[in-house]
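Enquirer: There's a structure below that I have some questions on.
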Amino acid sequence: MSAMKTRTWFCNNLSAEPAVLLYSFVIFLYAAGMPNLIQQKVCSPDSPPPVDFVCNDTALVAQATDIVTVRSTLKQSLPAIILLIAGSWRDSTNLNKPIIYLALFWEIVGICIQIFSYLSWTSSPWKTSIAEGIINGLGGGSTLFFVGTTCAITDSTQAEDRTTRFTLVFAGVSFGACLAFGVSGYCLTYMGYTWFLIFTISLHLATGVLIMIFVKDKKNKEKKGDFTKMLNQLKSAVKRRPNIIIIWFMIFASCSITVISLAESNIYQYYLQQTFGYTIKEVGLYTAYRLMIGSVGSIIVPPVVVKLLKWSDFKIGILCSLVTTISCISMVFAATTFEIKIFALLDITKMFLFGLPKSIISKCVNEDEIGMFVSFCLIGESILPIFIFYLYDVIYTATSTMLPGAFYLASAAILTILFIFYSISACTYIPLETYEGNKNVPEVLENCGNMSQQLQTSTSPPGND
């Protein structure tokens with residue numbers, strides 16, 4: 001009977017999780033295949049080579065890396081404007097579904113451009129990649145999707161459960177990515193580019209169906225998307241409030257961990273192929289192996305540190321950022337396939353770093369401000385790539401023959417900053433409930449004084465006329 005109740009509770013409390021899992025699988029499946037398509041168009045501009053063809057021309061590989069970097073930068077940086085509007089609109093309307101559907105639509109349009117790129121093989125990979133990056137970016141892309149789903153999950157979760165639930169959600173993202181990278185090479189090999197891309201479109205449509213079934217927007221007739229109200233809400237983001245420094249620390253933490261992971265993935269395939277001689281299938285399997293470790297860690301670690309040890313979010317952040325920093329430094333000096341497999345085990349706590357900042361932010365702001373601050377996190381993910389992707393590209397191009405893993409030093413440096421931010425936050429955090437209680441103390445004392453005065457008046461002997 002208890003198992004039946006647990007299953008019923010789980011089904012009733014599902015929100016965007018199934019859609020996030022499927023969507024993560026689709027976007028990482030697509031992300032794993034596109035660098036290969038771009039590289040082959042650069043190295044064989046006249047006719048398509050076999051899918052498992054590996055280009056050994058260093059200059060052409062560098063050009064393909066530049067194209068992938070520019071494409072990724074456009075997809076990450078351009079959503080900034082629409083994210084700002086979408087987050088405020090969501091908070092003023094309580095609606096999550098419309099912005100999720102909008103994100104899915106423009107994802108599909110971007111895939112259609114790559115279908116055209118393959119069918120018109122002699123077309124410039126620069127032009128098609130830039131066109132896809134601009135259209136996907138201006139449409140919001142995956143960042144807009146995660147604004148909607150993060151807010152939907154927050155709406156259906158109590159504050160004390162958000163850290164665990166967000167960690168499990170990002171475990172779902174990791175599992176979807178793990179599965180995608182594990183099968184991407186096989187899908188490309190046996191399906192070919194055209195059917196591979198059509199397959200991703202069909203999965204995006206299936207994601208929309210899951211959103212329709214599981215996501216329940218709150219009905220609030222009093223809330224409308226009034227522009228003035230949205231503008232006032234944006235202004236309130238910079239108002240004086242408790243934990244304001246922590247909020248901005250966590251916004252940086254949220255966007256930086258995502259951006260450095262994306263920057264690594266942009267050159268990951270070339271790094272493994274050039275350094276260790278991996279094929280496209282082996283790249284996918286190794287990537288899946290690392291993500292699987294993160295997924296398993298996100299399932300095993302939360303019950304221990306959250307439920308058993310009762311650690312605060314900040315102490316968890318300190319541990320995870322430290323372990324992930326050590327992982328990055330280890331990868332810099334990895335020289336054999338055995339070493340990179342061993343060092344991957346240190347990713348066991350990395351998944352916490354994706355959901356933890358948003359969980360902390362949700363505990364520092366009011367419920368009707370969560371969408372705005374989640375948007376700020378994702379706007380940071382849109383702006384940082386302009387500098388970070390270029391930095392990683394320059395580092396890898398300059399060190400690919402001497403120390404191919406040198407780009408991991410940039411990741412280690414940023415993770416060290418996160419370690420410092422979590423440490424400072426642990427010492428300065430004030431629970432929102434405590435602040436609200438202290439804020440009401442003067443009013444309570446004044447009411448008590450008035451009541452005492454009234455009591456004295458009512459009990460004093462009547463005066464003589």
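So you can find residues: chains in the structure tokens are A, B, ... in the order shown, residues in each start at 1, and ligands are numbered from 1 in order.
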Can you tell me which residues surround Phe199 of chain A at a distance of at most 10 Å, considering only C-alpha atoms, apart from same-chain residues fewer than 5 positions away, and format the answer as a PyMOL selection string?
Expert: chain A and resi 26+30+187+191+193-194+204
Enquirer: Write to file, as a PDB file, in the first residue's frame, the residues of the selection just made, with C-alpha atoms.
Expert:
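File written: out_4.pdb
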```
ATOM      1  CA  VAL A  26      17.473  15.626 -28.165  1.00  0.00           C
ATOM      2  CA  TYR A  30      21.940  17.114 -32.047  1.00  0.00           C
ATOM      3  CA  CYS A 187      22.663   7.046 -34.986  1.00  0.00           C
ATOM      4  CA  MET A 191      20.713   6.828 -40.134  1.00  0.00           C
ATOM      5  CA  TYR A 193      22.486  13.080 -41.570  1.00  0.00           C
ATOM      6  CA  THR A 194      19.072  13.629 -43.169  1.00  0.00           C
ATOM      7  CA  HIS A 204      11.166  17.915 -30.156  1.00  0.00           C
TER       8      HIS A 204
END
```
Enquirer: Go through segment 304-386 of chain A and flag each residue having an atom no more than 8 Å from segment 409-432 of chain A; for those, report the closest pair of atoms plus their distance in Å to one decimal, using only C-alpha atoms, ordered by chain and rising number, as CSV.
Expert:
```
residue,atom,partner,partner_atom,distance
A:Phe314,CA,A:Ala426,CA,5.3
A:Lys315,CA,A:Ala426,CA,7.0
A:Gly317,CA,A:Tyr422,CA,6.0
A:Ile318,CA,A:Phe419,CA,5.3
A:Ser321,CA,A:Phe419,CA,5.4
A:Leu322,CA,A:Phe419,CA,6.4
A:Thr324,CA,A:Leu415,CA,7.3
A:Thr325,CA,A:Ala412,CA,4.8
A:Ile326,CA,A:Ala412,CA,7.5
A:Cys328,CA,A:Ala412,CA,5.6
A:Ile329,CA,A:Ala412,CA,6.3
A:Val332,CA,A:Leu409,CA,6.8
A:Lys363,CA,A:Leu432,CA,7.0
A:Cys364,CA,A:Leu432,CA,5.9
A:Val365,CA,A:Leu432,CA,7.7
```
Enquirer: Write the residues of the selection above to a file with N, CA, C and O atoms, as a JSON list (two decimals), in the first residue's frame.
Expert:
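Contents of out_11.json, freshly written:
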```json
[["chain", "number", "residue", "atom", "x", "y", "z"],
["A", 314, "PHE", "N", 25.45, 25.77, 0.94],
["A", 314, "PHE", "CA", 26.76, 26.41, 0.73],
["A", 314, "PHE", "C", 27.90, 25.43, 0.99],
["A", 314, "PHE", "O", 28.90, 25.42, 0.28],
["A", 315, "LYS", "N", 27.75, 24.61, 2.03],
["A", 315, "LYS", "CA", 28.79, 23.61, 2.30],
["A", 315, "LYS", "C", 28.88, 22.59, 1.16],
["A", 315, "LYS", "O", 29.97, 22.17, 0.77],
["A", 317, "GLY", "N", 28.14, 23.29, -1.95],
["A", 317, "GLY", "CA", 28.79, 24.01, -3.04],
["A", 317, "GLY", "C", 30.29, 24.07, -2.89],
["A", 317, "GLY", "O", 31.04, 23.95, -3.87],
["A", 318, "ILE", "N", 30.76, 24.27, -1.66],
["A", 318, "ILE", "CA", 32.20, 24.32, -1.39],
["A", 318, "ILE", "C", 32.85, 22.99, -1.76],
["A", 318, "ILE", "O", 33.89, 22.94, -2.44],
["A", 321, "SER", "N", 32.61, 22.30, -5.77],
["A", 321, "SER", "CA", 33.50, 23.14, -6.56],
["A", 321, "SER", "C", 34.96, 22.74, -6.37],
["A", 321, "SER", "O", 35.75, 22.76, -7.31],
["A", 322, "LEU", "N", 35.32, 22.33, -5.16],
["A", 322, "LEU", "CA", 36.69, 21.90, -4.88],
["A", 322, "LEU", "C", 37.02, 20.61, -5.63],
["A", 322, "LEU", "O", 38.07, 20.50, -6.30],
["A", 324, "THR", "N", 35.54, 19.35, -8.29],
["A", 324, "THR", "CA", 35.51, 19.56, -9.73],
["A", 324, "THR", "C", 36.76, 20.32, -10.20],
["A", 324, "THR", "O", 37.26, 20.10, -11.30],
["A", 325, "THR", "N", 37.27, 21.22, -9.37],
["A", 325, "THR", "CA", 38.53, 21.91, -9.69],
["A", 325, "THR", "C", 39.67, 20.91, -9.80],
["A", 325, "THR", "O", 40.48, 20.97, -10.73],
["A", 326, "ILE", "N", 39.74, 19.98, -8.85],
["A", 326, "ILE", "CA", 40.77, 18.94, -8.89],
["A", 326, "ILE", "C", 40.63, 18.09, -10.15],
["A", 326, "ILE", "O", 41.62, 17.73, -10.80],
["A", 328, "CYS", "N", 39.46, 19.05, -13.08],
["A", 328, "CYS", "CA", 39.93, 19.81, -14.25],
["A", 328, "CYS", "C", 41.45, 19.86, -14.30],
["A", 328, "CYS", "O", 42.05, 19.69, -15.37],
["A", 329, "ILE", "N", 42.09, 20.09, -13.15],
["A", 329, "ILE", "CA", 43.56, 20.14, -13.12],
["A", 329, "ILE", "C", 44.14, 18.78, -13.51],
["A", 329, "ILE", "O", 45.16, 18.70, -14.22],
["A", 332, "VAL", "N", 44.24, 18.28, -17.30],
["A", 332, "VAL", "CA", 45.27, 19.06, -18.01],
["A", 332, "VAL", "C", 46.46, 18.17, -18.35],
["A", 332, "VAL", "O", 47.03, 18.26, -19.46],
["A", 363, "LYS", "N", 15.50, 30.53, -2.56],
["A", 363, "LYS", "CA", 15.31, 30.68, -1.12],
["A", 363, "LYS", "C", 15.65, 32.09, -0.64],
["A", 363, "LYS", "O", 15.48, 32.41, 0.54],
["A", 364, "CYS", "N", 16.16, 32.92, -1.56],
["A", 364, "CYS", "CA", 16.55, 34.29, -1.20],
["A", 364, "CYS", "C", 15.59, 35.33, -1.76],
["A", 364, "CYS", "O", 15.73, 36.52, -1.44],
["A", 365, "VAL", "N", 14.65, 34.93, -2.63],
["A", 365, "VAL", "CA", 13.74, 35.90, -3.25],
["A", 365, "VAL", "C", 12.30, 35.43, -3.07],
["A", 365, "VAL", "O", 12.05, 34.27, -2.71]]
```
Enquirer: With only C-alpha atoms as the counted atoms, please give the residues lying no more than 10 Å from Gln40 of chain A, apart from itself and same-chain residues fewer than 6 positions off, as a ChimeraX atom specification.
Expert: /A:34,47-55,60-61,64,121,125
Enquirer: Determine which residues of segment 64-283 of chain A DSSP labels as helix (DSSP H, G or I) from the backbone of this structure, then write them out as a ChimeraX atom specification.
Expert: /A:64-77,80-93,97-119,125-138,141-155,159-214,227-238,244-276,280-283
Enquirer: As an exercise, work out the distance from atom CA of Phe252 of chain A to atom CA of Cys178 of chain A in Å and give it to one decimal place.
Expert: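 Value for the atom CA of Phe252 of chain A-atom CA of Cys178 of chain A distance: 25.6 Å.
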Enquirer: When you look at Phe146 of chain A with a cut-off of 10 Å (counting only C-alpha atoms), what residues show up, excluding the ones that are within fewer than 6 positions of it in the same chain? I need them as a PyMOL selection string.
Expert: chain A and resi 16+20+23+99-100+103+140+152+374-375+378
Enquirer: Please determine, counting only C-alpha atoms, which residue among A:Leu205, A:Ala32, A:Leu138, A:Leu384 has the shortest atom-to-atom distance to Ala177 of chain A.
Expert: A:Ala32
Enquirer: Neighbouring residues of segment 283-294 of chain A were defined as those with any atom within 7 Å, considering only C-alpha atoms; residues of the same chain fewer than 6 positions away were excluded. Please report them as number ranges by chain.
Expert: A: 174-175, 178-179, 181-182, 184-185, 269, 272, 344-345, 347-351
Enquirer: Could you write out the selected residues, including N, CA and C atoms, as a compact mmCIF listing (two decimals), in the first residue's frame?
Expert:
```txt
# COMPACT_ATOMS: atom_id res chain seq x y z
N SER A 174 21.67 15.26 -17.31
CA SER A 174 22.91 14.52 -17.51
C SER A 174 22.66 13.14 -18.10
N PHE A 175 21.60 12.47 -17.61
CA PHE A 175 21.29 11.14 -18.12
C PHE A 175 20.88 11.22 -19.59
N CYS A 178 23.98 11.81 -21.46
CA CYS A 178 24.76 10.56 -21.45
C CYS A 178 24.25 9.59 -22.52
N LEU A 179 22.95 9.41 -22.53
CA LEU A 179 22.34 8.51 -23.52
C LEU A 179 22.57 9.04 -24.93
N PHE A 181 25.03 11.08 -26.13
CA PHE A 181 26.41 10.92 -26.58
C PHE A 181 26.76 9.46 -26.80
N GLY A 182 26.13 8.57 -26.02
CA GLY A 182 26.40 7.15 -26.17
C GLY A 182 25.89 6.58 -27.49
N SER A 184 24.90 8.68 -30.22
CA SER A 184 24.97 9.64 -31.33
C SER A 184 25.79 9.11 -32.50
N GLY A 185 26.96 8.53 -32.18
CA GLY A 185 27.80 8.00 -33.26
C GLY A 185 27.11 6.90 -34.05
N GLN A 269 35.41 16.99 -28.87
CA GLN A 269 35.58 15.98 -29.92
C GLN A 269 36.95 16.09 -30.56
N LEU A 272 39.76 14.88 -28.10
CA LEU A 272 39.87 13.42 -27.98
C LEU A 272 40.37 12.77 -29.25
N ALA A 344 37.89 10.90 -14.72
CA ALA A 344 36.46 11.15 -14.91
C ALA A 344 35.65 10.81 -13.66
N LEU A 345 36.18 9.95 -12.79
CA LEU A 345 35.48 9.56 -11.57
C LEU A 345 35.26 10.75 -10.63
N ASP A 347 34.06 13.46 -11.40
CA ASP A 347 32.84 14.18 -11.80
C ASP A 347 31.63 13.78 -10.96
N ILE A 348 31.84 12.96 -9.95
CA ILE A 348 30.73 12.39 -9.20
C ILE A 348 29.91 13.47 -8.47
N THR A 349 30.53 14.62 -8.16
CA THR A 349 29.79 15.69 -7.47
C THR A 349 29.48 16.87 -8.38
N LYS A 350 29.88 16.82 -9.64
CA LYS A 350 29.76 17.99 -10.53
C LYS A 350 28.31 18.39 -10.77
N MET A 351 27.41 17.43 -10.82
CA MET A 351 26.03 17.73 -11.18
C MET A 351 25.35 18.66 -10.18
```
Enquirer: Considering only C-alpha atoms, return as JSON, numbers by chain whatever protein or nucleic-acid residues lie within 7 Å of segment 154-165 of chain A, sequence-local ones (same chain, fewer than 3 positions apart) excluded.
Expert: {"A": [150, 151, 168, 169, 302, 356, 359, 363]}
Enquirer: Create the file for the chosen residues now, containing all heavy atoms and written as a JSON list (two decimals), in the first residue's frame.
Expert:
```
[["chain", "number", "residue", "atom", "x", "y", "z"],
["A", 150, "THR", "N", 12.26, 25.38, -15.43],
["A", 150, "THR", "CA", 12.75, 25.62, -14.07],
["A", 150, "THR", "C", 11.66, 26.27, -13.22],
["A", 150, "THR", "O", 11.44, 25.89, -12.06],
["A", 150, "THR", "CB", 14.00, 26.52, -14.10],
["A", 150, "THR", "OG1", 15.03, 25.88, -14.84],
["A", 150, "THR", "CG2", 14.50, 26.79, -12.68],
["A", 151, "CYS", "N", 10.97, 27.25, -13.79],
["A", 151, "CYS", "CA", 9.88, 27.92, -13.05],
["A", 151, "CYS", "C", 8.72, 26.96, -12.80],
["A", 151, "CYS", "O", 8.10, 27.00, -11.73],
["A", 151, "CYS", "CB", 9.41, 29.14, -13.82],
["A", 151, "CYS", "SG", 10.62, 30.48, -13.90],
["A", 168, "LEU", "N", 18.20, 16.36, -8.92],
["A", 168, "LEU", "CA", 17.67, 15.22, -9.66],
["A", 168, "LEU", "C", 17.24, 15.62, -11.07],
["A", 168, "LEU", "O", 17.39, 14.85, -12.02],
["A", 168, "LEU", "CB", 16.49, 14.60, -8.90],
["A", 168, "LEU", "CG", 16.85, 13.92, -7.57],
["A", 168, "LEU", "CD1", 15.60, 13.46, -6.86],
["A", 168, "LEU", "CD2", 17.80, 12.75, -7.81],
["A", 169, "VAL", "N", 16.73, 16.86, -11.21],
["A", 169, "VAL", "CA", 16.37, 17.34, -12.55],
["A", 169, "VAL", "C", 17.61, 17.43, -13.43],
["A", 169, "VAL", "O", 17.61, 16.98, -14.58],
["A", 169, "VAL", "CB", 15.68, 18.72, -12.45],
["A", 169, "VAL", "CG1", 15.59, 19.38, -13.83],
["A", 169, "VAL", "CG2", 14.28, 18.57, -11.87],
["A", 302, "PRO", "N", 23.03, 13.25, -2.99],
["A", 302, "PRO", "CA", 22.04, 14.05, -2.26],
["A", 302, "PRO", "C", 21.48, 13.43, -0.99],
["A", 302, "PRO", "O", 21.41, 14.13, 0.04],
["A", 302, "PRO", "CB", 20.93, 14.26, -3.31],
["A", 302, "PRO", "CG", 21.63, 14.19, -4.61],
["A", 302, "PRO", "CD", 22.70, 13.16, -4.42],
["A", 356, "LEU", "N", 22.31, 23.74, -7.86],
["A", 356, "LEU", "CA", 22.47, 24.35, -6.54],
["A", 356, "LEU", "C", 22.28, 25.87, -6.53],
["A", 356, "LEU", "O", 21.56, 26.40, -5.68],
["A", 356, "LEU", "CB", 23.84, 23.97, -5.98],
["A", 356, "LEU", "CG", 24.10, 24.26, -4.50],
["A", 356, "LEU", "CD1", 23.09, 23.53, -3.63],
["A", 356, "LEU", "CD2", 25.51, 23.85, -4.13],
["A", 359, "SER", "N", 18.62, 26.83, -6.73],
["A", 359, "SER", "CA", 17.93, 26.46, -5.49],
["A", 359, "SER", "C", 18.18, 27.51, -4.41],
["A", 359, "SER", "O", 17.27, 27.93, -3.70],
["A", 359, "SER", "CB", 18.40, 25.09, -5.02],
["A", 359, "SER", "OG", 17.84, 24.76, -3.77],
["A", 363, "LYS", "N", 15.50, 30.53, -2.56],
["A", 363, "LYS", "CA", 15.31, 30.68, -1.12],
["A", 363, "LYS", "C", 15.65, 32.09, -0.64],
["A", 363, "LYS", "O", 15.48, 32.41, 0.54],
["A", 363, "LYS", "CB", 16.16, 29.65, -0.37],
["A", 363, "LYS", "CG", 15.78, 28.21, -0.68],
["A", 363, "LYS", "CD", 16.77, 27.23, -0.11],
["A", 363, "LYS", "CE", 16.44, 25.79, -0.54],
["A", 363, "LYS", "NZ", 17.44, 24.82, -0.07]]
```
Enquirer: Skip Thr207 of chain A itself and residues of its chain fewer than 3 positions away, then list as a VMD selection string all residues within 12 Å of it, counting only C-alpha atoms.
Expert: chain A and resid 16 to 27 97 100 to 101 103 to 105 107 to 108 145 149 200 to 204 210 to 215
Enquirer: One decimal, Å: what's the distance from atom CA of Glu369 of chain A over to atom CA of Ser88 of chain A, could you say?
Expert: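 Between atom CA of Glu369 of chain A and atom CA of Ser88 of chain A the gap works out to 8.0 Å.
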Enquirer: Determine, for each residue of segment 311-385 of chain A having at least one atom at most 12 Å from an atom of segment 273-281 of chain A, the closest pair of atoms and their separation in Å to one decimal, counting only C-alpha atoms; order by chain and ascending number, as JSON lines.
Expert:
```
{"residue": "A:Val332", "atom": "CA", "partner": "A:Thr275", "partner_atom": "CA", "distance": 12.0}
{"residue": "A:Phe333", "atom": "CA", "partner": "A:Thr275", "partner_atom": "CA", "distance": 11.8}
{"residue": "A:Ala334", "atom": "CA", "partner": "A:Thr275", "partner_atom": "CA", "distance": 10.0}
{"residue": "A:Ala335", "atom": "CA", "partner": "A:Thr275", "partner_atom": "CA", "distance": 8.3}
{"residue": "A:Thr336", "atom": "CA", "partner": "A:Phe276", "partner_atom": "CA", "distance": 7.3}
{"residue": "A:Thr337", "atom": "CA", "partner": "A:Phe276", "partner_atom": "CA", "distance": 6.8}
{"residue": "A:Phe338", "atom": "CA", "partner": "A:Phe276", "partner_atom": "CA", "distance": 10.6}
{"residue": "A:Glu339", "atom": "CA", "partner": "A:Phe276", "partner_atom": "CA", "distance": 11.2}
{"residue": "A:Ile340", "atom": "CA", "partner": "A:Phe276", "partner_atom": "CA", "distance": 10.0}
```
Enquirer: Please, what distance in Å, to one decimal, runs between atom CA of Phe373 of chain A and atom CA of Ile245 of chain A?
Expert: 13.3 Å
